[in-house]
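Here's the structure, in structure tokens; my notes come after.
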Amino acid sequence: MNAEQLIEAMKPDVERFVSGNPLVELARDGKIGTEHFKRLLLAEFQCQEAELSSYALLVARHRHETPATLFSFTLHTIATARGLLREAAPSVGIPDAAIPLVPADQGLFRVVRDLSWMGTQAGAAEAALYLHTDLSTWCTLFSRVVDASKESTDASRPVITYMESWGDRPPPEVAEGALAVIEHGLARGEEPDRVLHTARQLEALLHPYWTYVAGG
């Protein structure tokens with residue numbers, strides 16, 4: 001499989017990840033509330049602790065300009081998003097200084113732990129397809145939660161603003177950059193089967209995340 005075929009192969013998986021997502025269902029049923037937005041903020045902030053380290057390590061490990069450009073852009077994007085999370089924290093009852101960095105929930109702790117794997121182990125193409133799949137899923141999920149929450153009086157507007165900041169699809173820097181990095185990695189011997197297998201772990205890896213956010 002080439003880079004375009006790998007990205008195309010993940011499209012049904014992305015839709016499956018999104019379909020029936022518990023937070024989307026809560027929003028559509030008018031049952032989403034402040035506690036869900038608080039959990040979302042905490043989960044995002046805590047997972048980004050691991051992602052900041054992982055993408056920094058990917059830049060250090062894959063220093064060719066093609067992967068380094070994608071992973072450094074992602075690193076900057078996550079760091080910028082953290083600012084919006086800090087601004088949103090008081091709206092869900094968390095002072096900025098009180099945001100915990102280590103999750104108390106064991107399922108979410110495992111997610112944070114597993115997110116670190118990418119930085120230390122993944123090949124460039126492997127990380128790029130995972131990133132593209134992750135962001136395609138996240139942008140779609142967030143846009144659906146935002147659309148379904150617009151009429152909710154319990155919706156935290158600053159958290160909504162945070163979700164809206166991601167858009168409804170990956171930005172060109174990721175969409176085009178991931179394609180280039182996958183081509184780069186495959187040309188240097190990465191195995192397409194492993195690249196695809198890793199991206200398909202996203203659903204299982206993040207299941208505890210959504211269980212925590214939805215309060216399940």
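Identifiers for the structure tokens are assigned positionally: chains receive A, B, ... in sequence, residues are indexed from 1 per chain, and ligands are indexed from 1 in the order shown.
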
Near range 103-117 of chain A, counting only C-alpha atoms, which residues have an atom at most 6 Å away, once you skip same-chain residues fewer than 2 positions from it, shown as number ranges by chain? A: 47, 50, 54, 119-121, 208-209

Could you please take those selected residues and save N, CA and C atoms as a PDB file, in the first residue's frame?
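Generated output (selection-v5.pdb):
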```pdb
ATOM      1  N   CYS A  47      -3.839  14.495  28.703  1.00  0.00           N
ATOM      2  CA  CYS A  47      -3.306  13.760  27.561  1.00  0.00           C
ATOM      3  C   CYS A  47      -2.279  14.591  26.803  1.00  0.00           C
ATOM      4  N   ALA A  50       1.373  14.142  27.750  1.00  0.00           N
ATOM      5  CA  ALA A  50       2.108  13.075  27.069  1.00  0.00           C
ATOM      6  C   ALA A  50       2.388  13.428  25.616  1.00  0.00           C
ATOM      7  N   SER A  54       5.778  13.398  23.417  1.00  0.00           N
ATOM      8  CA  SER A  54       5.876  12.459  22.303  1.00  0.00           C
ATOM      9  C   SER A  54       6.274  13.151  21.007  1.00  0.00           C
ATOM     10  N   GLY A 119       6.182   8.531  20.876  1.00  0.00           N
ATOM     11  CA  GLY A 119       7.408   9.313  20.817  1.00  0.00           C
ATOM     12  C   GLY A 119       8.665   8.472  20.859  1.00  0.00           C
ATOM     13  N   THR A 120       8.621   7.374  21.577  1.00  0.00           N
ATOM     14  CA  THR A 120       9.833   6.579  21.761  1.00  0.00           C
ATOM     15  C   THR A 120       9.969   5.435  20.763  1.00  0.00           C
ATOM     16  N   GLN A 121       8.846   4.997  20.156  1.00  0.00           N
ATOM     17  CA  GLN A 121       8.894   3.772  19.363  1.00  0.00           C
ATOM     18  C   GLN A 121       8.492   3.925  17.902  1.00  0.00           C
ATOM     19  N   PRO A 208     -10.974   4.316  27.032  1.00  0.00           N
ATOM     20  CA  PRO A 208     -11.090   4.793  28.421  1.00  0.00           C
ATOM     21  C   PRO A 208     -11.204   6.315  28.535  1.00  0.00           C
ATOM     22  N   TYR A 209     -10.645   7.031  27.566  1.00  0.00           N
ATOM     23  CA  TYR A 209     -10.761   8.497  27.546  1.00  0.00           C
ATOM     24  C   TYR A 209     -12.222   8.906  27.495  1.00  0.00           C
TER      25      TYR A 209
END
```

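The shell of residues at most 12 Å from Leu84 in chain A, with only C-alpha atoms counted and near chain neighbours (fewer than 3 positions) removed, consists of Leu41, Glu44, Phe45, Thr77, Ile78, Ala79, Thr80, Ala81, Glu87, Ala88, Ala89, Pro90, Ser91, Asp96, Arg157, Pro158, Val159, Ile160, Thr161, Tyr162, Met163, Glu164, Ser165 and Trp166 of chain A.
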
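Among A:Asp193, A:Glu173, A:Glu49, A:Glu203, the residue with the shortest atom-to-atom distance to Thr137 in chain A, counting only C-alpha atoms, is A:Glu203.
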
Please identify which residues in range 19-206 of chain A DSSP calls alpha helix (DSSP H) from the backbone, and express them as a PyMOL selection string. chain A and resi 22-28+34-61+65-88+106-121+124-149+157-164+172-187+192-199+202-206

Atom-to-atom span, CA of Glu51 in chain A and CA of Ala175 in chain A, Å: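 According to the coordinates, CA of Glu51 in chain A and CA of Ala175 in chain A are separated by 18.6 Å.
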
CA of Asp168 in chain A to CA of Pro12 in chain A, straight-line distance in Å: 16.8 Å

Counting only C-alpha atoms, which residue out of A:Ala178, A:Ala122, A:Cys139, A:Ala187 sits closest to Val14 in chain A? A:Cys139

Would you mind reading off the distance between CA of Val174 in chain A and CA of Leu129 in chain A, one decimal, in Å? 10.0 Å

Residue among A:Val24, A:Leu205, A:Val92, A:Ala97 lying closest to Ser143 in chain A, counting only C-alpha atoms: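 Of the candidates, the smallest distance to Ser143 in chain A is held by A:Val24.
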
Residues near Arg200 in chain A, cut-off 9 Å, only C-alpha atoms, skip fewer than 6 positions along chain, as a VMD selection string: chain A and resid 10 13 130 133

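Closest approach to Glu126 in chain A from the set A:Val181, A:Ala43, A:Met1, A:Leu70 is made by A:Val181, with distances taken over only C-alpha atoms.
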
Show me, as an MDAnalysis selection string, the residues that have an atom within 9 Å of Leu42 in chain A when counting only C-alpha atoms, minus same-chain residues fewer than 6 positions from it. chainID A and resid 85 89 99:101 103 213

Just the residues within 12 Å of Thr153 in chain A, please, counting only C-alpha atoms, with nothing from its chain fewer than 3 positions along; format it as a PyMOL selection string. chain A and resi 27+30-34+148-150+156-157

Using only C-alpha atoms, which of the listed residues (A:Arg194, A:Arg82, A:Arg28, A:His36) sits closest to Val146 in chain A? A:Arg28

Would you please work out which residue, of A:Thr66, A:Gly93, A:Ala56, A:Glu25, is nearest to Glu176 in chain A when using only C-alpha atoms?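 Closest to Glu176 in chain A of all the choices is A:Thr66.
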